[in-house]
Amino acid sequence: MSKIIELKNVNKWFDKFQVLKDIDLEVAPQEKIVICGPSGSGKSTLIRCINRLEEHQEGNIIVDGTELAENTKNIEKIRAEVGMVFQQFNLFPHLSILDNCSLAPIWVKKLPKKQAEEIAMNNLKRVQIDDQALKFPGQLSGGQQQRAAIARALCMVPKIMLFDEPTSALDPEMIKEVLDVMVDLAKGGMTMIVVTHEMGFAKEVADYMIFMDEGKIVERAKTKEFFENPKSERTKLFLSQIL
Amino acid sequence: MNLITKPSKDNIKIFVPMGLFLVSLSFLDVFVNAFFNFDLMAFLPSQLSYFLPLILGFIGFYLIRIEFSGVRPLDILNKNINSNNFNALLTLFTIFIIIKSIPPMLDWFILEANFVGNSKDDCTGDGACWVFIKVWFNRFMYGLYPDAEQWRINTAFLILFAVVGVSFFVSEKLKKYFILFLVFVFPFLGIKLISGGSFGLEYVESAAWGGLSLTFIISAFAILFCFPIGVILALGRRSSLPAIKYISIGFIELWRGVPLITVLFMSAVMFPMFLPDGTFIDKLIRVLIAITLFEAAYMAEVVRGGLQALPKGQYEAAKSLGMGYWRMNALIILPQALKLVIPGIANTLLALVKDTPLIFVVGLMELAGMIGLAKTNPKWLGMAMEGYVFAGLVFWVICYAMSRYSQNLEKKLSTER
C-alpha cells in the first residue's frame, strides 16, 4: 500500500533541547492515527512538522510524494492539501464564519466566490452550524468555533487532516459535539492524524495508536492491541493514569 | 437631644433644602462677583467675604451628602462630585474657576472685541482685534497664491469634498472605485490643477503656495504616502530575511532619531548640493518626501505594535490554509493589526498635521507661517495673540474632526468582533 505521509529519521531541536528523536512514521491513505503521550513529549511538534509549521533539522518528511524542504512553493502546496485543526481554534475574528471558510478557497485555490461559498455552506452543514454562517467567531460557543474551524479546513478539500488536541480547550459538554464531527469525518474515509487524550474516541476510530514520550515514539500498535496488551512499561503506566 | 446630627435619611427633609440653599448661595456669590463685579457679602470683613463662598459651599455639600437617600438625582450627584470632603472641595474649586474665567474670556473673544474696519486703527476696544484675521483671511487661506488663480485651489478642494461626500452614499462596489480615484488619480490631478503650467493654466510656483490650503496639501500627501510605507517598514522589521530586517530597522531608527526640523532643513538646503548639476527637484516635493519618510518611521512602529499583539495562532492558521506571506498579511494579519492600532495611527496622523508649521524653516508658509508673517507687518504689529488663537482654533477643528473620525471607525469595525 502506498504511503501518503512518510517520516524518516526526523530529528528536531529547540535550541539545544531535542524535541523529536529519530522519528519514523508511515501513514497510508485513509488511515486514522491517534497520538497520545504526556505533555512535552513532542506530539504537537510532530504533527506541526508534517505541514511545516515547525521545521525539522534532520531526516526527511515526504507528504503526498513531495519532500518538505526549503522550497516555499512546495510548502504552500502541501499546506493547501493538509488541513489542520488547532487547540485554540484560531478562527479569524475579523471575518464571519462563512468568510472564514471561503477565504482560502477564493484566494489560494482561486475558486469563484459563489462556488467557494457553496462549498463553505456544504461543509458548515456537515458540521451542523450552517445556521451560524453569518455570525462572527466571537459570537459562537467554543464547540461551535471548533466545528467551524474543522469546516474551514475541509473547505480546502484536504487529503489529510491533522488535529492538534482539538478538544483540550473546550468545556466538557462541548467535547462530544466536536468528537461526533470527527468520528463522522473518519467514517467518510479521511486520512487523519489526531493528537488527543480522548481515549474513547481513539478506540472508536483509530487504526493505529502511537505513544510518545520524551521526543521518541515509544510504541506503535493496532488500537485493540495497544489498549489490551501494551508492550512497554511506560505505555502501561500512562494508560493506567488516564483510563 | 443631639443637636448636631449626622445628615441621614431620617432628617433628609431638613438637611437637603438647607444644603442646597447654601451651595446655591455660594455659587450665586461667585457668579455675581465675576459677572457684575458686585460683592454680595461686602458687609462682612474682607477676608471672610473672600472665603465665604468656599465655606458656605463646603457646609452645604456636607449637609446634602446622604448615602442611599433614595432620591436618584441626589445619589448620582453625591457619587460623582461629592463623595467625601476632599472631593467636595475639588468640586467647589473647579466650579468657581470655571465661573470666574468665563467673563474675561467672553470679553476678549466677543464683547470687547472688534469686528468692523479695515486697519489696526479700527481696533479701539480692549478685546481681540478680529479685523486682523478678516483683512488677512485670504492670505491665511491661500498664502501668496495669485488672487486671480485662487479658483483653482477652490475647485480642487471642491472636487475632493464632492467625491468624498458622494462616496458615502454609493454602494460598496462603486465605493471601491471612488477610493481608487481618491488615492491614485486625484492627488496628481489636484496638484496639476494647482500648479498649472499646462492646459492653458498659468504656472504658479510652489513657493507662492501657502496658508491653510498648503497645510491641507502637505498633510494629505504625507498621510497618503506615509501609511503604506509605514506598513511595509513594519512588516520589514519583522521579516525573517536579515537584509530586509536590518535595512528596515536602520531606516526606522535613523528617521526616528532625528528632529523633523533638521530633516526639513537638510532636505531644502543640503540635499540639492548632492544632486548632479542641472537636476532640480522642487522644494515643496523635497519637503513632502522628508515629512513622509519621517512620519512613516513612526507609523511603522505603531503598526508593528499591532502586529505583535496578534496571537501566533493567526499566522499558523493562515499558513495551514496554504496562504503565502503576502496573502496572509493582506487578508488575515494586517486587517486585524491595523484595527487594533487605530488610536495609535490617529495619534501619528494628528501629530503629522500639527508638525506642518515647521516647514517655515525652509521658507514655506502654511497657516501658522502666514500668521507669523502677517504679525510682523509694520501696519499690524501686536496681533500675535489674535493670529495664533485663530491658528489654534483652525488646527483644533481639523484635528478634532480627525479624532472623531478615528473613533467612529473604531466603533464601526469593533462591532464585528
# chains A, B, ... in the order shown; residues from 1 in each chain; ligands from 1
call {"tool": "select_by_dssp", "arguments": {"residues": "stretch 65-200 of chain A", "states": "strand (DSSP E)", "output": "PDB file with all heavy atoms, in the first residue's frame"}}
result
ATOM      1  N   THR A  66       5.704  14.710  -2.029  1.00  0.00           N
ATOM      2  CA  THR A  66       6.535  15.903  -2.095  1.00  0.00           C
ATOM      3  C   THR A  66       7.368  16.004  -0.822  1.00  0.00           C
ATOM      4  O   THR A  66       6.843  15.917   0.286  1.00  0.00           O
ATOM      5  CB  THR A  66       5.660  17.172  -2.194  1.00  0.00           C
ATOM      6  OG1 THR A  66       4.716  16.981  -3.232  1.00  0.00           O
ATOM      7  CG2 THR A  66       6.512  18.393  -2.474  1.00  0.00           C
ATOM      8  N   GLU A  67       8.648  16.194  -1.006  1.00  0.00           N
ATOM      9  CA  GLU A  67       9.513  16.323   0.165  1.00  0.00           C
ATOM     10  C   GLU A  67       9.419  17.743   0.728  1.00  0.00           C
ATOM     11  O   GLU A  67       9.450  18.732  -0.012  1.00  0.00           O
ATOM     12  CB  GLU A  67      10.955  16.021  -0.239  1.00  0.00           C
ATOM     13  CG  GLU A  67      11.965  16.537   0.779  1.00  0.00           C
ATOM     14  CD  GLU A  67      12.898  15.458   1.261  1.00  0.00           C
ATOM     15  OE1 GLU A  67      13.200  14.556   0.471  1.00  0.00           O
ATOM     16  OE2 GLU A  67      13.323  15.526   2.422  1.00  0.00           O
ATOM     17  N   VAL A  82      -3.157  19.746   3.255  1.00  0.00           N
ATOM     18  CA  VAL A  82      -3.186  19.197   4.599  1.00  0.00           C
ATOM     19  C   VAL A  82      -3.970  20.149   5.493  1.00  0.00           C
ATOM     20  O   VAL A  82      -3.548  21.265   5.739  1.00  0.00           O
ATOM     21  CB  VAL A  82      -1.754  19.040   5.150  1.00  0.00           C
ATOM     22  CG1 VAL A  82      -1.794  18.467   6.563  1.00  0.00           C
ATOM     23  CG2 VAL A  82      -0.932  18.152   4.243  1.00  0.00           C
ATOM     24  N   GLY A  83      -5.138  19.704   5.949  1.00  0.00           N
ATOM     25  CA  GLY A  83      -5.936  20.558   6.828  1.00  0.00           C
ATOM     26  C   GLY A  83      -5.442  20.445   8.247  1.00  0.00           C
ATOM     27  O   GLY A  83      -4.944  19.402   8.663  1.00  0.00           O
ATOM     28  N   MET A  84      -5.536  21.557   8.985  1.00  0.00           N
ATOM     29  CA  MET A  84      -5.074  21.483  10.377  1.00  0.00           C
ATOM     30  C   MET A  84      -6.120  22.118  11.295  1.00  0.00           C
ATOM     31  O   MET A  84      -6.674  23.179  10.987  1.00  0.00           O
ATOM     32  CB  MET A  84      -3.745  22.228  10.513  1.00  0.00           C
ATOM     33  CG  MET A  84      -3.219  22.264  11.922  1.00  0.00           C
ATOM     34  SD  MET A  84      -1.538  21.652  11.977  1.00  0.00           S
ATOM     35  CE  MET A  84      -1.222  21.641  13.720  1.00  0.00           C
ATOM     36  N   VAL A  85      -6.358  21.463  12.411  1.00  0.00           N
ATOM     37  CA  VAL A  85      -7.281  21.999  13.410  1.00  0.00           C
ATOM     38  C   VAL A  85      -6.495  22.187  14.697  1.00  0.00           C
ATOM     39  O   VAL A  85      -5.778  21.287  15.129  1.00  0.00           O
ATOM     40  CB  VAL A  85      -8.465  21.035  13.633  1.00  0.00           C
ATOM     41  CG1 VAL A  85      -9.368  21.550  14.738  1.00  0.00           C
ATOM     42  CG2 VAL A  85      -9.240  20.864  12.343  1.00  0.00           C
ATOM     43  N   ILE A 160      -5.390  15.113   3.829  1.00  0.00           N
ATOM     44  CA  ILE A 160      -5.009  14.692   5.174  1.00  0.00           C
ATOM     45  C   ILE A 160      -5.535  15.734   6.152  1.00  0.00           C
ATOM     46  O   ILE A 160      -5.510  16.928   5.854  1.00  0.00           O
ATOM     47  CB  ILE A 160      -3.470  14.642   5.305  1.00  0.00           C
ATOM     48  CG1 ILE A 160      -2.874  13.708   4.261  1.00  0.00           C
ATOM     49  CG2 ILE A 160      -3.048  14.229   6.706  1.00  0.00           C
ATOM     50  CD1 ILE A 160      -1.414  13.950   3.990  1.00  0.00           C
ATOM     51  N   MET A 161      -6.002  15.283   7.313  1.00  0.00           N
ATOM     52  CA  MET A 161      -6.386  16.241   8.351  1.00  0.00           C
ATOM     53  C   MET A 161      -5.543  15.994   9.594  1.00  0.00           C
ATOM     54  O   MET A 161      -5.416  14.863  10.066  1.00  0.00           O
ATOM     55  CB  MET A 161      -7.866  16.081   8.716  1.00  0.00           C
ATOM     56  CG  MET A 161      -8.824  16.648   7.694  1.00  0.00           C
ATOM     57  SD  MET A 161      -8.909  18.448   7.727  1.00  0.00           S
ATOM     58  CE  MET A 161      -9.942  18.719   9.151  1.00  0.00           C
ATOM     59  N   LEU A 162      -4.968  17.083  10.125  1.00  0.00           N
ATOM     60  CA  LEU A 162      -4.201  16.991  11.361  1.00  0.00           C
ATOM     61  C   LEU A 162      -5.002  17.652  12.468  1.00  0.00           C
ATOM     62  O   LEU A 162      -5.522  18.752  12.290  1.00  0.00           O
ATOM     63  CB  LEU A 162      -2.854  17.713  11.201  1.00  0.00           C
ATOM     64  CG  LEU A 162      -1.990  17.312  10.013  1.00  0.00           C
ATOM     65  CD1 LEU A 162      -0.774  18.229   9.900  1.00  0.00           C
ATOM     66  CD2 LEU A 162      -1.542  15.858  10.139  1.00  0.00           C
ATOM     67  N   PHE A 163      -5.107  16.999  13.599  1.00  0.00           N
ATOM     68  CA  PHE A 163      -5.822  17.580  14.733  1.00  0.00           C
ATOM     69  C   PHE A 163      -4.866  17.700  15.912  1.00  0.00           C
ATOM     70  O   PHE A 163      -4.337  16.703  16.383  1.00  0.00           O
ATOM     71  CB  PHE A 163      -7.008  16.692  15.139  1.00  0.00           C
ATOM     72  CG  PHE A 163      -8.099  16.638  14.110  1.00  0.00           C
ATOM     73  CD1 PHE A 163      -8.027  15.770  13.036  1.00  0.00           C
ATOM     74  CD2 PHE A 163      -9.213  17.462  14.218  1.00  0.00           C
ATOM     75  CE1 PHE A 163      -9.032  15.717  12.089  1.00  0.00           C
ATOM     76  CE2 PHE A 163     -10.228  17.412  13.279  1.00  0.00           C
ATOM     77  CZ  PHE A 163     -10.140  16.542  12.203  1.00  0.00           C
ATOM     78  N   ASP A 164      -4.673  18.937  16.371  1.00  0.00           N
ATOM     79  CA  ASP A 164      -3.742  19.148  17.481  1.00  0.00           C
ATOM     80  C   ASP A 164      -4.529  19.433  18.756  1.00  0.00           C
ATOM     81  O   ASP A 164      -4.911  20.556  19.021  1.00  0.00           O
ATOM     82  CB  ASP A 164      -2.816  20.340  17.141  1.00  0.00           C
ATOM     83  CG  ASP A 164      -1.724  20.529  18.167  1.00  0.00           C
ATOM     84  OD1 ASP A 164      -1.670  19.722  19.118  1.00  0.00           O
ATOM     85  OD2 ASP A 164      -0.937  21.476  18.021  1.00  0.00           O
ATOM     86  N   THR A 191      -7.958  10.666   5.733  1.00  0.00           N
ATOM     87  CA  THR A 191      -6.711  10.320   6.412  1.00  0.00           C
ATOM     88  C   THR A 191      -6.551  11.288   7.582  1.00  0.00           C
ATOM     89  O   THR A 191      -6.610  12.503   7.392  1.00  0.00           O
ATOM     90  CB  THR A 191      -5.514  10.502   5.471  1.00  0.00           C
ATOM     91  OG1 THR A 191      -5.816   9.878   4.230  1.00  0.00           O
ATOM     92  CG2 THR A 191      -4.253   9.916   6.085  1.00  0.00           C
ATOM     93  N   MET A 192      -6.400  10.750   8.796  1.00  0.00           N
ATOM     94  CA  MET A 192      -6.371  11.638   9.951  1.00  0.00           C
ATOM     95  C   MET A 192      -5.242  11.289  10.897  1.00  0.00           C
ATOM     96  O   MET A 192      -4.984  10.120  11.181  1.00  0.00           O
ATOM     97  CB  MET A 192      -7.706  11.544  10.737  1.00  0.00           C
ATOM     98  CG  MET A 192      -8.869  12.197  10.017  1.00  0.00           C
ATOM     99  SD  MET A 192     -10.474  11.677  10.648  1.00  0.00           S
ATOM    100  CE  MET A 192     -10.497  12.423  12.251  1.00  0.00           C
ATOM    101  N   ILE A 193      -4.571  12.336  11.387  1.00  0.00           N
ATOM    102  CA  ILE A 193      -3.638  12.150  12.487  1.00  0.00           C
ATOM    103  C   ILE A 193      -4.129  13.041  13.617  1.00  0.00           C
ATOM    104  O   ILE A 193      -4.289  14.250  13.440  1.00  0.00           O
ATOM    105  CB  ILE A 193      -2.202  12.528  12.102  1.00  0.00           C
ATOM    106  CG1 ILE A 193      -1.742  11.690  10.920  1.00  0.00           C
ATOM    107  CG2 ILE A 193      -1.268  12.338  13.290  1.00  0.00           C
ATOM    108  CD1 ILE A 193      -0.325  11.960  10.493  1.00  0.00           C
ATOM    109  N   VAL A 194      -4.415  12.444  14.745  1.00  0.00           N
ATOM    110  CA  VAL A 194      -5.053  13.188  15.826  1.00  0.00           C
ATOM    111  C   VAL A 194      -4.209  13.097  17.087  1.00  0.00           C
ATOM    112  O   VAL A 194      -3.878  12.000  17.541  1.00  0.00           O
ATOM    113  CB  VAL A 194      -6.466  12.613  16.117  1.00  0.00           C
ATOM    114  CG1 VAL A 194      -7.163  13.470  17.165  1.00  0.00           C
ATOM    115  CG2 VAL A 194      -7.283  12.538  14.850  1.00  0.00           C
ATOM    116  N   VAL A 195      -3.855  14.241  17.629  1.00  0.00           N
ATOM    117  CA  VAL A 195      -3.240  14.259  18.954  1.00  0.00           C
ATOM    118  C   VAL A 195      -4.357  14.519  19.941  1.00  0.00           C
ATOM    119  O   VAL A 195      -5.046  15.544  19.851  1.00  0.00           O
ATOM    120  CB  VAL A 195      -2.190  15.386  19.054  1.00  0.00           C
ATOM    121  CG1 VAL A 195      -1.699  15.502  20.484  1.00  0.00           C
ATOM    122  CG2 VAL A 195      -1.041  15.131  18.116  1.00  0.00           C
TER     123      VAL A 195
END
call {"tool": "closest_atom_pairs", "arguments": {"of": "chain B", "to": "chain A", "cutoff": "10 Å", "atoms": "only C-alpha atoms", "output": "CSV"}}
result
residue,atom,partner,partner_atom,distance
B:Pro311,CA,A:Asn90,CA,8.8
B:Lys312,CA,A:Asn90,CA,9.1
B:Gly313,CA,A:Asn90,CA,5.5
B:Gln314,CA,A:Asn90,CA,5.8
B:Tyr315,CA,A:Asn90,CA,9.0
B:Glu316,CA,A:Leu53,CA,6.8
B:Ala317,CA,A:Asn90,CA,6.0
B:Ala318,CA,A:Ala104,CA,8.3
B:Lys319,CA,A:Arg79,CA,7.2
B:Ser320,CA,A:Arg79,CA,5.3
B:Leu321,CA,A:Ala80,CA,5.4
B:Gly322,CA,A:Ala80,CA,4.3
B:Met323,CA,A:Val108,CA,6.2
B:Gly324,CA,A:Glu76,CA,6.6
B:Tyr325,CA,A:Glu76,CA,9.9
B:Arg327,CA,A:Trp107,CA,7.7
B:Met328,CA,A:Ala104,CA,9.8
B:Leu331,CA,A:Leu103,CA,8.4
B:Ile332,CA,A:Phe92,CA,7.0
B:Ile333,CA,A:Phe92,CA,9.2
B:Pro335,CA,A:His94,CA,7.6
B:Gln336,CA,A:His94,CA,6.6
B:Lys339,CA,A:His94,CA,9.3
B:Leu413,CA,A:His94,CA,8.6
B:Ser414,CA,A:His94,CA,8.7
B:Thr415,CA,A:Phe136,CA,9.7
B:Glu416,CA,A:His94,CA,6.5
B:Arg417,CA,A:Gly138,CA,5.8
call {"tool": "write_last_selection", "arguments": {"atoms": "N, CA and C atoms", "output": "PDB file, in the first residue's frame"}}
result
ATOM      1  N   PRO B 311      -2.109  37.045  18.214  1.00  0.00           N
ATOM      2  CA  PRO B 311      -1.608  35.737  18.645  1.00  0.00           C
ATOM      3  C   PRO B 311      -0.965  34.983  17.480  1.00  0.00           C
ATOM      4  N   LYS B 312       0.021  34.153  17.823  1.00  0.00           N
ATOM      5  CA  LYS B 312       0.746  33.375  16.829  1.00  0.00           C
ATOM      6  C   LYS B 312      -0.194  32.474  16.049  1.00  0.00           C
ATOM      7  N   GLY B 313      -1.265  32.062  16.714  1.00  0.00           N
ATOM      8  CA  GLY B 313      -2.218  31.154  16.086  1.00  0.00           C
ATOM      9  C   GLY B 313      -2.799  31.690  14.793  1.00  0.00           C
ATOM     10  N   GLN B 314      -2.948  33.033  14.707  1.00  0.00           N
ATOM     11  CA  GLN B 314      -3.496  33.615  13.484  1.00  0.00           C
ATOM     12  C   GLN B 314      -2.560  33.384  12.307  1.00  0.00           C
ATOM     13  N   TYR B 315      -1.260  33.538  12.553  1.00  0.00           N
ATOM     14  CA  TYR B 315      -0.287  33.278  11.488  1.00  0.00           C
ATOM     15  C   TYR B 315      -0.344  31.802  11.093  1.00  0.00           C
ATOM     16  N   GLU B 316      -0.387  30.935  12.115  1.00  0.00           N
ATOM     17  CA  GLU B 316      -0.351  29.497  11.831  1.00  0.00           C
ATOM     18  C   GLU B 316      -1.583  29.042  11.085  1.00  0.00           C
ATOM     19  N   ALA B 317      -2.752  29.587  11.500  1.00  0.00           N
ATOM     20  CA  ALA B 317      -3.990  29.197  10.820  1.00  0.00           C
ATOM     21  C   ALA B 317      -3.927  29.618   9.355  1.00  0.00           C
ATOM     22  N   ALA B 318      -3.442  30.838   9.113  1.00  0.00           N
ATOM     23  CA  ALA B 318      -3.366  31.316   7.728  1.00  0.00           C
ATOM     24  C   ALA B 318      -2.407  30.450   6.916  1.00  0.00           C
ATOM     25  N   LYS B 319      -1.256  30.145   7.527  1.00  0.00           N
ATOM     26  CA  LYS B 319      -0.281  29.310   6.815  1.00  0.00           C
ATOM     27  C   LYS B 319      -0.844  27.926   6.548  1.00  0.00           C
ATOM     28  N   SER B 320      -1.534  27.373   7.548  1.00  0.00           N
ATOM     29  CA  SER B 320      -2.000  25.999   7.397  1.00  0.00           C
ATOM     30  C   SER B 320      -3.047  25.886   6.285  1.00  0.00           C
ATOM     31  N   LEU B 321      -3.635  27.038   5.896  1.00  0.00           N
ATOM     32  CA  LEU B 321      -4.586  27.001   4.785  1.00  0.00           C
ATOM     33  C   LEU B 321      -3.888  27.197   3.447  1.00  0.00           C
ATOM     34  N   GLY B 322      -2.552  27.264   3.480  1.00  0.00           N
ATOM     35  CA  GLY B 322      -1.808  27.360   2.225  1.00  0.00           C
ATOM     36  C   GLY B 322      -1.567  28.783   1.757  1.00  0.00           C
ATOM     37  N   MET B 323      -1.812  29.773   2.629  1.00  0.00           N
ATOM     38  CA  MET B 323      -1.583  31.160   2.201  1.00  0.00           C
ATOM     39  C   MET B 323      -0.104  31.493   2.253  1.00  0.00           C
ATOM     40  N   GLY B 324       0.349  32.221   1.256  1.00  0.00           N
ATOM     41  CA  GLY B 324       1.730  32.693   1.257  1.00  0.00           C
ATOM     42  C   GLY B 324       1.855  33.945   2.106  1.00  0.00           C
ATOM     43  N   TYR B 325       3.072  34.483   2.139  1.00  0.00           N
ATOM     44  CA  TYR B 325       3.371  35.620   3.014  1.00  0.00           C
ATOM     45  C   TYR B 325       2.464  36.817   2.749  1.00  0.00           C
ATOM     46  N   ARG B 327      -0.415  37.091   0.984  1.00  0.00           N
ATOM     47  CA  ARG B 327      -1.848  36.853   1.197  1.00  0.00           C
ATOM     48  C   ARG B 327      -2.160  36.807   2.675  1.00  0.00           C
ATOM     49  N   MET B 328      -1.296  36.133   3.427  1.00  0.00           N
ATOM     50  CA  MET B 328      -1.529  36.027   4.869  1.00  0.00           C
ATOM     51  C   MET B 328      -1.586  37.425   5.488  1.00  0.00           C
ATOM     52  N   LEU B 331      -4.745  39.535   4.025  1.00  0.00           N
ATOM     53  CA  LEU B 331      -6.110  39.089   4.322  1.00  0.00           C
ATOM     54  C   LEU B 331      -6.348  38.851   5.811  1.00  0.00           C
ATOM     55  N   ILE B 332      -5.330  38.403   6.515  1.00  0.00           N
ATOM     56  CA  ILE B 332      -5.549  37.977   7.898  1.00  0.00           C
ATOM     57  C   ILE B 332      -4.869  38.917   8.890  1.00  0.00           C
ATOM     58  N   ILE B 333      -3.591  39.153   8.698  1.00  0.00           N
ATOM     59  CA  ILE B 333      -2.813  39.828   9.741  1.00  0.00           C
ATOM     60  C   ILE B 333      -3.075  41.332   9.773  1.00  0.00           C
ATOM     61  N   PRO B 335      -5.453  43.357   8.456  1.00  0.00           N
ATOM     62  CA  PRO B 335      -6.780  43.866   8.833  1.00  0.00           C
ATOM     63  C   PRO B 335      -6.980  43.875  10.352  1.00  0.00           C
ATOM     64  N   GLN B 336      -6.474  42.845  11.018  1.00  0.00           N
ATOM     65  CA  GLN B 336      -6.642  42.791  12.473  1.00  0.00           C
ATOM     66  C   GLN B 336      -5.672  43.728  13.183  1.00  0.00           C
ATOM     67  N   LYS B 339      -6.610  47.418  12.787  1.00  0.00           N
ATOM     68  CA  LYS B 339      -7.791  47.730  13.594  1.00  0.00           C
ATOM     69  C   LYS B 339      -7.384  47.964  15.056  1.00  0.00           C
ATOM     70  N   LEU B 413     -15.774  49.208  13.234  1.00  0.00           N
ATOM     71  CA  LEU B 413     -15.058  47.949  12.991  1.00  0.00           C
ATOM     72  C   LEU B 413     -15.143  47.006  14.171  1.00  0.00           C
ATOM     73  N   SER B 414     -15.330  47.558  15.369  1.00  0.00           N
ATOM     74  CA  SER B 414     -15.270  46.671  16.538  1.00  0.00           C
ATOM     75  C   SER B 414     -16.561  45.896  16.719  1.00  0.00           C
ATOM     76  N   THR B 415     -17.672  46.351  16.128  1.00  0.00           N
ATOM     77  CA  THR B 415     -18.929  45.610  16.287  1.00  0.00           C
ATOM     78  C   THR B 415     -18.826  44.239  15.641  1.00  0.00           C
ATOM     79  N   GLU B 416     -17.871  44.103  14.755  1.00  0.00           N
ATOM     80  CA  GLU B 416     -17.754  42.817  14.072  1.00  0.00           C
ATOM     81  C   GLU B 416     -17.134  41.742  14.946  1.00  0.00           C
ATOM     82  N   ARG B 417     -16.596  42.142  16.050  1.00  0.00           N
ATOM     83  CA  ARG B 417     -15.912  41.163  16.908  1.00  0.00           C
ATOM     84  C   ARG B 417     -16.889  40.234  17.582  1.00  0.00           C
TER      85      ARG B 417
END
call {"tool": "closest_residue", "arguments": {"among": "A:Val63, A:Met209, A:Val34, A:Ile242", "to": "A:Lys8", "atoms": "only C-alpha atoms"}}
result
A:Val63
call {"tool": "closest_residue", "arguments": {"among": "B:Ala330, B:Ile12, B:Met105, B:Val361", "to": "B:Ala268", "atoms": "only C-alpha atoms"}}
result
B:Val361
call {"tool": "residues_around", "arguments": {"residues": "A:Val178", "least_positions_apart": "3", "cutoff": "9 Å", "atoms": "only C-alpha atoms", "output": "number ranges by chain"}}
result
A: 127, 143-144, 146-147, 150, 166-167, 174-175, 181-183
call {"tool": "select_by_dssp", "arguments": {"residues": "stretch 11-258 of chain B", "states": "helix (DSSP H, G or I)", "output": "PyMOL selection string"}}
result
chain B and resi 12-36+46-64+72-81+85-111+120-122+131-142+147-167+172-195+206-208+211-237+242-256
